[in-house]
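Worksheet: the structure to be examined is printed underneath.
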Amino acid sequence: MSATLQTRSTAEIGKPRRPARAKAYSAFRGTMIVLVVLTFLVPLAWMVMASFKTNVDIHDTTKSFIFTPILDNYSHVLGNDAYLNFVWNSFWVAFCATGISLLIGVPAAYSMSRFNMQKSALLVLLARIIPGVSLLVPWYYVFANLGWIGGYGVLIISHMFILIPISVYIMMSFFDSMPIELEEASLVDGLTPIGAFLRILLPLSVPGIATAGILSFIFSWNNFMFALVLSGSNTKTLPVAVFDFVSYASIDWGSIMAAACIMTLPIIVVALFAQKYIVSGLTAGATKG
C-alpha cells in the first residue's frame with residue numbers, strides 16, 4: 001500500500017500543472033468569444049424571428065421565443081413587384097461596380113506594388129479614409145447638373161469610390177507576397193512586362209481577386225447612404241427600399257424584418273460558399289516571401 005501511494009505521489013509531482021494564470025486566460029478568452037458571437041448572432045436571430053411575427057407579437061415580450069409563426073410578412077414583401085425590382089437594382093449596381101473596380105484596381109495594385117509607388121498608395125488610402133457623407137453634397141451638385149441623378153451610372157460611380165481602395169489594398173499585399181523571380185523568368189522567356197502580368201501573375205492572383213471581388217460586392221450590396229441620396233424611384237437599392245415600410249403614422253416592423261432577411265440572405269450564402277477564397281486570399285496577401 002505504501003509503495004502504491006509513493007508511486008502515485010511521484011506521478012502527481014512529475015505531472016506538469018497548468019498555471020492558474022493560464023487557466024484564467026483560457027476562461028477569459030472563452031468568455032470573450034462567447035460574448036462576441038452572441039453580440040453578432042442575437043440581433044440576427046431576433047430579426048429572423050420578428051419576420052415571422054405580427055406587429056403585435058413583436059412588441060409583446062411574453063412572445064419573444066414562443067409564438068405562432070406567420071408568412072404574411074414575406075407574402076407582403078415578395079408580393080410587391082417593385083421590391084423584386086429593387087433586388088435587381090442592388091444586384092446590377094453591385095455587379096457593375098465590383099467588376100469595374102477590379103478592372104481598375106488590380107492593374108493599379110500591381111503597378112503600386114512592383115514600382116514602389118507609396119505616395120499613390122497613400123492617396124488611395126486617403127480616398128478610403130475620407131467620410132463618404134462629406135462628398136455627397138458636391139457629388140449631388142455635379143451629377144444633378146449632368147442630369148445623372150436617379151440613374152444607375154451615378155450609383156455605380158459612387159460605389160466605386162469605396163470599392164477601388166478595397167481592391168487596391170487587398171491586391172497590393174497579394175502582389176507583394178509574390179516573388180519577383182516569377183516575372184524575371186517570364187521576361188527571360190520572351191514575355192513583355194504586360195504579358196508577364198496577364199499570363200503569369202494574374203492567374204496566380206485569382207484567390208486575391210476573388211477575395212477583393214467578394215468583399216467589394218458585399219460592401220456595394222449593403223451601401224445605404226449613397227443610394228439614399230443619388231438613386232431615383234426606379235433605381236432604389238434594397239437598403240433604401242426597406243424604408244418603404246416606414247410611414248408617417250406607423251412602422252410595419254414585420255415587413256421591415258422580412259425585407260431585411262431577404263436582403264441579408266444572399267450575402268450570407270455568398271460568404272458561406274466563398275469562405276475558403278476569402279481566407280486563402282487574405283492569408284496569402286498577409287505574408288511576404
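Labels for the C-alpha cells follow display order: chains A, B, ..., residues from 1 in each chain, ligands from 1.
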
What's the 9 Å shell around A:Ser51, counting only C-alpha atoms, without same-chain residues fewer than 5 positions away, as a ChimeraX atom specification?
-> /A:46,58,69-71,73-74,253-261

As a ChimeraX atom specification, please: all residues of stretch 95-189 of chain A that backbone DSSP puts in helix (DSSP H, G or I).
-> /A:95-114,118-129,133-146,152-176,181-188

Do a neighbour search on A:Val154 at 9 Å with only C-alpha atoms, toss out local chain neighbours closer than 6 positions, and write the hits as number ranges by chain.
-> A: 143, 148, 230-231

Since we have the selection now, will you write its residues out, keeping N, CA, C and O atoms, as a short mmCIF file (atom, residue, chain, number, x, y, z; two decimals), in the first residue's frame?
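Result file again-v9.cif:
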data_model
loop_
_atom_site.label_atom_id
_atom_site.label_comp_id
_atom_site.auth_asym_id
_atom_site.auth_seq_id
_atom_site.Cartn_x
_atom_site.Cartn_y
_atom_site.Cartn_z
N PHE A 143 -23.56 65.88 -60.27
CA PHE A 143 -24.37 64.90 -61.01
C PHE A 143 -25.74 65.46 -61.37
O PHE A 143 -26.32 65.07 -62.40
N TRP A 148 -27.57 63.18 -64.16
CA TRP A 148 -27.35 61.77 -63.87
C TRP A 148 -28.09 61.28 -62.63
O TRP A 148 -28.13 60.07 -62.38
N LEU A 230 -28.67 59.55 -54.07
CA LEU A 230 -28.42 59.62 -55.50
C LEU A 230 -29.35 58.75 -56.35
O LEU A 230 -29.38 58.91 -57.57
N SER A 231 -30.09 57.84 -55.75
CA SER A 231 -30.95 56.96 -56.54
C SER A 231 -32.30 57.62 -56.81
O SER A 231 -32.69 58.61 -56.15
#

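In this comparison, which uses only C-alpha atoms, the residue of A:Ser75, A:Ser26, A:Ser205, A:Ser158 approaching A:Gly132 most closely is A:Ser158.
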
Find the nearest atom pair between each residue of stretch 168-280 of chain A and stretch 93-100 of chain A for residues within 8 Å, count only C-alpha atoms, give distances in Å to one decimal, sort rows by chain and ascending number, and present the table as JSON lines.
{"residue": "A:Gly213", "atom": "CA", "partner": "A:Thr98", "partner_atom": "CA", "distance": 6.1}
{"residue": "A:Ser216", "atom": "CA", "partner": "A:Thr98", "partner_atom": "CA", "distance": 5.8}
{"residue": "A:Phe217", "atom": "CA", "partner": "A:Ala94", "partner_atom": "CA", "distance": 5.4}
{"residue": "A:Ile218", "atom": "CA", "partner": "A:Ala94", "partner_atom": "CA", "distance": 7.9}
{"residue": "A:Ser220", "atom": "CA", "partner": "A:Ala94", "partner_atom": "CA", "distance": 5.1}
{"residue": "A:Trp221", "atom": "CA", "partner": "A:Ala94", "partner_atom": "CA", "distance": 5.6}

Dump as a Markdown table the rows for residues of stretch 165-259 of chain A within 12 Å of stretch 81-84 of chain A: closest atom pair and distance in Å with one decimal, only C-alpha atoms counted, ordered by chain and rising residue number.
| residue | atom | partner | partner_atom | distance |
| --- | --- | --- | --- | --- |
| A:Ser233 | CA | A:Ala82 | CA | 9.8 |
| A:Asn234 | CA | A:Ala82 | CA | 8.4 |
| A:Thr235 | CA | A:Ala82 | CA | 10.3 |
| A:Lys236 | CA | A:Tyr83 | CA | 9.4 |
| A:Thr237 | CA | A:Tyr83 | CA | 9.1 |
| A:Leu238 | CA | A:Tyr83 | CA | 7.8 |
| A:Pro239 | CA | A:Tyr83 | CA | 11.0 |
| A:Val240 | CA | A:Tyr83 | CA | 10.7 |
| A:Ala241 | CA | A:Tyr83 | CA | 7.2 |
| A:Val242 | CA | A:Tyr83 | CA | 8.9 |
| A:Phe243 | CA | A:Tyr83 | CA | 11.4 |
| A:Asp244 | CA | A:Tyr83 | CA | 9.6 |
| A:Phe245 | CA | A:Tyr83 | CA | 11.1 |
| A:Ser255 | CA | A:Tyr83 | CA | 11.6 |
| A:Ile256 | CA | A:Tyr83 | CA | 11.9 |
| A:Ala258 | CA | A:Tyr83 | CA | 11.7 |
| A:Ala259 | CA | A:Tyr83 | CA | 8.8 |

Would you write out those residues with N, CA, C and O atoms, as a compact mmCIF listing (two decimals), in the first residue's frame?
# COMPACT_ATOMS: atom_id res chain seq x y z
N SER A 233 -36.65 56.77 -57.99
CA SER A 233 -37.73 55.87 -57.59
C SER A 233 -37.62 54.51 -58.27
O SER A 233 -38.07 53.50 -57.72
N ASN A 234 -37.02 54.46 -59.45
CA ASN A 234 -36.90 53.21 -60.19
C ASN A 234 -35.54 52.55 -60.02
O ASN A 234 -35.33 51.43 -60.53
N THR A 235 -34.61 53.21 -59.37
CA THR A 235 -33.26 52.66 -59.21
C THR A 235 -32.88 52.47 -57.74
O THR A 235 -31.71 52.26 -57.44
N LYS A 236 -33.85 52.52 -56.85
CA LYS A 236 -33.55 52.32 -55.44
C LYS A 236 -33.00 50.91 -55.21
O LYS A 236 -33.46 49.95 -55.82
N THR A 237 -32.04 50.81 -54.32
CA THR A 237 -31.50 49.52 -53.94
C THR A 237 -32.19 49.01 -52.67
O THR A 237 -32.96 49.73 -52.04
N LEU A 238 -31.89 47.79 -52.31
CA LEU A 238 -32.60 47.16 -51.19
C LEU A 238 -32.45 47.90 -49.86
O LEU A 238 -33.45 48.04 -49.14
N PRO A 239 -31.26 48.37 -49.47
CA PRO A 239 -31.19 49.08 -48.18
C PRO A 239 -32.11 50.29 -48.11
O PRO A 239 -32.64 50.61 -47.04
N VAL A 240 -32.32 50.97 -49.24
CA VAL A 240 -33.22 52.12 -49.26
C VAL A 240 -34.67 51.65 -49.33
O VAL A 240 -35.57 52.25 -48.71
N ALA A 241 -34.91 50.56 -50.07
CA ALA A 241 -36.28 50.07 -50.24
C ALA A 241 -36.89 49.59 -48.94
O ALA A 241 -38.12 49.59 -48.78
N VAL A 242 -36.05 49.19 -48.00
CA VAL A 242 -36.58 48.74 -46.70
C VAL A 242 -37.38 49.83 -46.03
O VAL A 242 -38.37 49.57 -45.33
N PHE A 243 -37.00 51.08 -46.24
CA PHE A 243 -37.67 52.19 -45.59
C PHE A 243 -39.03 52.50 -46.22
O PHE A 243 -39.74 53.38 -45.73
N ASP A 244 -39.40 51.80 -47.27
CA ASP A 244 -40.73 51.99 -47.83
C ASP A 244 -41.81 51.51 -46.86
O ASP A 244 -42.99 51.87 -47.01
N PHE A 245 -41.42 50.68 -45.90
CA PHE A 245 -42.38 50.16 -44.93
C PHE A 245 -42.49 51.07 -43.70
O PHE A 245 -43.14 50.70 -42.73
N SER A 255 -42.87 43.55 -41.77
CA SER A 255 -42.42 43.62 -43.17
C SER A 255 -40.98 44.11 -43.27
O SER A 255 -40.23 43.66 -44.14
N ILE A 256 -40.59 45.03 -42.39
CA ILE A 256 -39.20 45.50 -42.40
C ILE A 256 -38.25 44.35 -42.08
O ILE A 256 -37.21 44.18 -42.74
N ALA A 258 -38.82 41.14 -42.52
CA ALA A 258 -38.83 40.20 -43.64
C ALA A 258 -37.99 40.72 -44.80
O ALA A 258 -37.22 39.98 -45.42
N ALA A 259 -38.12 42.02 -45.10
CA ALA A 259 -37.31 42.62 -46.17
C ALA A 259 -35.83 42.57 -45.81
O ALA A 259 -34.99 42.32 -46.68

Nearby residues (only C-alpha atoms) at most 12 Å from stretch 60-68 of chain A, same-chain spacing under 2 positions excluded, as a ChimeraX atom specification | /A:45-58,70-72

Output for the residues just chosen: all heavy atoms as a compact mmCIF listing (two decimals), in the first residue's frame:
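Result written to part_10.txt:
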# COMPACT_ATOMS: atom_id res chain seq x y z
N ALA A 45 -30.75 36.71 -34.96
CA ALA A 45 -31.80 35.77 -34.58
C ALA A 45 -33.10 36.50 -34.28
O ALA A 45 -34.19 36.04 -34.66
CB ALA A 45 -31.35 34.95 -33.37
N TRP A 46 -33.00 37.66 -33.61
CA TRP A 46 -34.21 38.43 -33.32
C TRP A 46 -34.87 38.92 -34.61
O TRP A 46 -36.09 38.92 -34.73
CB TRP A 46 -33.85 39.62 -32.45
CG TRP A 46 -35.05 40.42 -32.02
CD1 TRP A 46 -35.86 40.21 -30.95
CD2 TRP A 46 -35.59 41.56 -32.71
NE1 TRP A 46 -36.87 41.15 -30.90
CE2 TRP A 46 -36.73 41.99 -31.97
CE3 TRP A 46 -35.25 42.25 -33.85
CZ2 TRP A 46 -37.50 43.07 -32.36
CZ3 TRP A 46 -36.01 43.34 -34.25
CH2 TRP A 46 -37.13 43.74 -33.50
N MET A 47 -34.07 39.33 -35.59
CA MET A 47 -34.61 39.79 -36.86
C MET A 47 -35.36 38.66 -37.58
O MET A 47 -36.46 38.86 -38.10
CB MET A 47 -33.48 40.31 -37.75
CG MET A 47 -33.93 40.78 -39.12
SD MET A 47 -32.54 41.32 -40.15
CE MET A 47 -31.75 39.73 -40.48
N VAL A 48 -34.76 37.48 -37.58
CA VAL A 48 -35.40 36.34 -38.25
C VAL A 48 -36.71 35.98 -37.55
O VAL A 48 -37.74 35.74 -38.21
CB VAL A 48 -34.44 35.14 -38.29
CG1 VAL A 48 -35.15 33.91 -38.84
CG2 VAL A 48 -33.22 35.46 -39.14
N MET A 49 -36.70 35.92 -36.23
CA MET A 49 -37.93 35.58 -35.50
C MET A 49 -39.00 36.65 -35.69
O MET A 49 -40.19 36.34 -35.87
CB MET A 49 -37.63 35.39 -34.01
CG MET A 49 -36.83 34.14 -33.69
SD MET A 49 -36.71 33.80 -31.92
CE MET A 49 -35.82 35.26 -31.36
N ALA A 50 -38.59 37.92 -35.68
CA ALA A 50 -39.57 39.01 -35.85
C ALA A 50 -40.20 38.99 -37.23
O ALA A 50 -41.33 39.44 -37.40
CB ALA A 50 -38.89 40.35 -35.59
N SER A 51 -39.48 38.46 -38.23
CA SER A 51 -40.05 38.42 -39.58
C SER A 51 -41.21 37.44 -39.68
O SER A 51 -41.98 37.49 -40.65
CB SER A 51 -38.96 38.04 -40.58
OG SER A 51 -38.52 36.70 -40.39
N PHE A 52 -41.34 36.55 -38.70
CA PHE A 52 -42.44 35.57 -38.69
C PHE A 52 -43.50 35.94 -37.66
O PHE A 52 -44.35 35.11 -37.32
CB PHE A 52 -41.91 34.17 -38.40
CG PHE A 52 -41.04 33.60 -39.49
CD1 PHE A 52 -39.66 33.65 -39.37
CD2 PHE A 52 -41.61 33.04 -40.63
CE1 PHE A 52 -38.86 33.13 -40.37
CE2 PHE A 52 -40.81 32.53 -41.63
CZ PHE A 52 -39.43 32.57 -41.51
N LYS A 53 -43.47 37.17 -37.13
CA LYS A 53 -44.43 37.60 -36.13
C LYS A 53 -45.32 38.71 -36.68
O LYS A 53 -44.97 39.38 -37.65
CB LYS A 53 -43.72 38.12 -34.88
CG LYS A 53 -42.87 37.13 -34.13
CD LYS A 53 -42.23 37.81 -32.93
CE LYS A 53 -41.33 36.87 -32.15
NZ LYS A 53 -40.70 37.53 -30.98
N THR A 54 -46.44 38.88 -36.03
CA THR A 54 -47.25 40.06 -36.30
C THR A 54 -46.66 41.25 -35.57
O THR A 54 -45.81 41.10 -34.67
CB THR A 54 -48.69 39.84 -35.84
OG1 THR A 54 -48.71 39.66 -34.40
CG2 THR A 54 -49.31 38.61 -36.50
N ASN A 55 -47.08 42.44 -35.92
CA ASN A 55 -46.57 43.63 -35.25
C ASN A 55 -46.91 43.63 -33.77
O ASN A 55 -46.15 44.16 -32.94
CB ASN A 55 -47.12 44.89 -35.91
CG ASN A 55 -46.52 45.12 -37.29
OD1 ASN A 55 -45.38 44.77 -37.53
ND2 ASN A 55 -47.29 45.72 -38.18
N VAL A 56 -48.05 43.07 -33.42
CA VAL A 56 -48.44 42.99 -32.01
C VAL A 56 -47.52 42.04 -31.26
O VAL A 56 -47.06 42.33 -30.14
CB VAL A 56 -49.91 42.53 -31.89
CG1 VAL A 56 -50.29 42.35 -30.43
CG2 VAL A 56 -50.84 43.53 -32.56
N ASP A 57 -47.21 40.88 -31.87
CA ASP A 57 -46.34 39.91 -31.21
C ASP A 57 -44.92 40.43 -31.06
O ASP A 57 -44.21 40.06 -30.11
CB ASP A 57 -46.32 38.60 -32.00
CG ASP A 57 -47.65 37.86 -31.91
OD1 ASP A 57 -48.44 38.20 -31.02
OD2 ASP A 57 -47.88 36.95 -32.75
N ILE A 58 -44.47 41.26 -31.99
CA ILE A 58 -43.12 41.80 -31.91
C ILE A 58 -42.94 42.65 -30.65
O ILE A 58 -41.89 42.61 -30.00
CB ILE A 58 -42.79 42.62 -33.17
CG1 ILE A 58 -42.68 41.69 -34.39
CG2 ILE A 58 -41.50 43.41 -32.99
CD1 ILE A 58 -42.47 42.42 -35.69
N ILE A 70 -46.00 33.20 -38.77
CA ILE A 70 -46.83 33.52 -39.93
C ILE A 70 -45.92 33.85 -41.11
O ILE A 70 -44.74 34.17 -40.94
CB ILE A 70 -47.77 34.71 -39.64
CG1 ILE A 70 -46.94 35.97 -39.31
CG2 ILE A 70 -48.74 34.39 -38.52
CD1 ILE A 70 -47.76 37.23 -39.21
N LEU A 71 -46.47 33.77 -42.31
CA LEU A 71 -45.74 34.09 -43.53
C LEU A 71 -46.29 35.34 -44.21
O LEU A 71 -45.90 35.65 -45.34
CB LEU A 71 -45.79 32.91 -44.50
CG LEU A 71 -45.10 31.63 -44.04
CD1 LEU A 71 -45.32 30.51 -45.06
CD2 LEU A 71 -43.61 31.85 -43.80
N ASP A 72 -47.18 36.04 -43.52
CA ASP A 72 -47.81 37.21 -44.13
C ASP A 72 -46.79 38.30 -44.47
O ASP A 72 -46.92 39.00 -45.48
CB ASP A 72 -48.88 37.78 -43.18
CG ASP A 72 -50.03 36.82 -43.00
OD1 ASP A 72 -50.10 35.83 -43.75
OD2 ASP A 72 -50.86 37.05 -42.09

Write out as an mmCIF file with all heavy atoms, in the first residue's frame which residues come within 8 Å of A:Ala196 when counting only C-alpha atoms, dropping same-chain ones fewer than 6 positions away.
data_model
loop_
_atom_site.group_PDB
_atom_site.id
_atom_site.type_symbol
_atom_site.label_atom_id
_atom_site.label_comp_id
_atom_site.auth_asym_id
_atom_site.auth_seq_id
_atom_site.Cartn_x
_atom_site.Cartn_y
_atom_site.Cartn_z
ATOM 1 N N GLU A 183 8.453 37.036 -62.514
ATOM 2 C CA GLU A 183 8.440 37.967 -63.641
ATOM 3 C C GLU A 183 9.773 37.962 -64.371
ATOM 4 O O GLU A 183 9.811 38.028 -65.613
ATOM 5 C CB GLU A 183 8.129 39.381 -63.134
ATOM 6 C CG GLU A 183 6.754 39.491 -62.516
ATOM 7 C CD GLU A 183 6.572 40.793 -61.770
ATOM 8 O OE1 GLU A 183 6.477 41.837 -62.432
ATOM 9 O OE2 GLU A 183 6.537 40.763 -60.531
ATOM 10 N N SER A 186 9.867 35.011 -66.638
ATOM 11 C CA SER A 186 8.989 35.165 -67.801
ATOM 12 C C SER A 186 9.562 36.152 -68.805
ATOM 13 O O SER A 186 9.407 35.982 -70.018
ATOM 14 C CB SER A 186 7.600 35.613 -67.347
ATOM 15 O OG SER A 186 7.667 36.887 -66.713
ATOM 16 N N LEU A 187 10.256 37.185 -68.323
ATOM 17 C CA LEU A 187 10.893 38.140 -69.235
ATOM 18 C C LEU A 187 12.040 37.482 -69.993
ATOM 19 O O LEU A 187 12.268 37.761 -71.176
ATOM 20 C CB LEU A 187 11.394 39.355 -68.453
ATOM 21 C CG LEU A 187 10.322 40.243 -67.809
ATOM 22 C CD1 LEU A 187 10.968 41.363 -67.012
ATOM 23 C CD2 LEU A 187 9.382 40.823 -68.865
#

Gap from atom CA of A:Ser101 to atom CA of A:Ser167 - Å, one decimal =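 Interatomic distance here is 7.0 Å.
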
Which residue, A:Val246, A:Ala210, A:Val42, A:Leu155, has the smallest gap to A:Phe224 when you use only C-alpha atoms?
->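 Nearest candidate to A:Phe224 out of A:Val246, A:Ala210, A:Val42, A:Leu155: A:Leu155.
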
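Nearest to A:Tyr110 of all the residues A:Gly79, A:Pro266, A:Gly208, A:Pro19 is A:Gly208, based on only C-alpha atoms.
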
Long-range neighbours of A:Ile209 as JSON, numbers by chain, 8 Å cut-off, only C-alpha atoms, 6 positions minimum in chain | {"A": [102, 106, 167, 171, 281]}

Separation of atom CA of A:Pro131 from atom CA of A:Val87, in Å and rounded to one decimal = 26.4 Å

Among the residues A:Leu44, A:Ala20, A:Ile214, A:Ile157, the one that comes closest to A:Trp139 [using only C-alpha atoms] | A:Ile157

Among the residues A:Ser134, A:Ala271, A:Val124, A:Gly232, the one that comes closest to A:Gly147 [using only C-alpha atoms] | A:Gly232
